[in-house]
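*Asks:* Take this structure, written in structure tokens, and hold onto it; I'll ask about it next.
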Amino acid sequence: MDYKKSKAPVNTVTRNIMDLCDETGNIYQTVAIIAKRANQISVQIKEDLSKKLAEFASYNDSLEEVFENREQIEISRYYEKLPKPTLLATQEFVDGKVYWRDPQREAAAQTEEM
């Protein structure tokens, strides 16, 4: 996924707590959902970065030879400029792009049906 095309802000944005908890009805549950999604995004970004930087890895034990690779620097800068995973996850939640479910509510609903 190209996170650069996301509408997530690069800087921290003040949000209305009541707007965030409209969907779940509980701010703590909303924060937990956003945190789990942020962890998923963080792992995905780290894997992408590791794959791209693995191409430039040199396995020399010599400390004297340090190469500055222009492409490697550009890749690192690209990932540094991305919005933080928490901002990406919050924007996805606000946009309704995060799938979540509450097993306790589902169990309670099934119990009421019986």
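Labels used: A, B, ... for chains in the order of the structure tokens, numbers from 1 for residues in each chain, and numbers from 1 for ligands as shown.
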Would you please extract all helix (DSSP H, G or I) residues from chain A, as assigned by DSSP on the backbone, and give them as number ranges by chain?
*Replies:* A: 3-5, 17-20, 27-54, 70-81, 85-95, 103-113
*Asks:* Using only C-alpha atoms for the distances, tell me which of A:Ile33, A:Ala109, A:Ile41, A:Ile17 is nearest to Pro83 in chain A.
*Replies:*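 Among A:Ile33, A:Ala109, A:Ile41, A:Ile17, it is A:Ile41 that comes nearest to Pro83 in chain A.
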*Asks:* If you count only C-alpha atoms, which residues fall within 12 Å of Ala8 in chain A, apart from same-chain ones fewer than 5 positions away, as a ChimeraX atom specification?
*Replies:* /A:2-3,13,82-95
*Asks:* For the atom pair CA of Tyr28 in chain A and CA of Lys46 in chain A, what is the interatomic distance in Å to one decimal place?
*Replies:*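 Separation of CA of Tyr28 in chain A and CA of Lys46 in chain A: 26.7 Å.
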*Asks:* Work out how far CA of Arg37 in chain A is from CA of Thr14 in chain A, in Å to one decimal.
*Replies:*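 Interatomic distance, CA of Thr14 in chain A to CA of Arg37 in chain A: 19.3 Å.
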*Asks:* Just give me the gap between CA of Glu74 in chain A and CA of Val10 in chain A in Å, one decimal is fine.
*Replies:*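 Rounded to one decimal, the two atoms are 18.4 Å apart.
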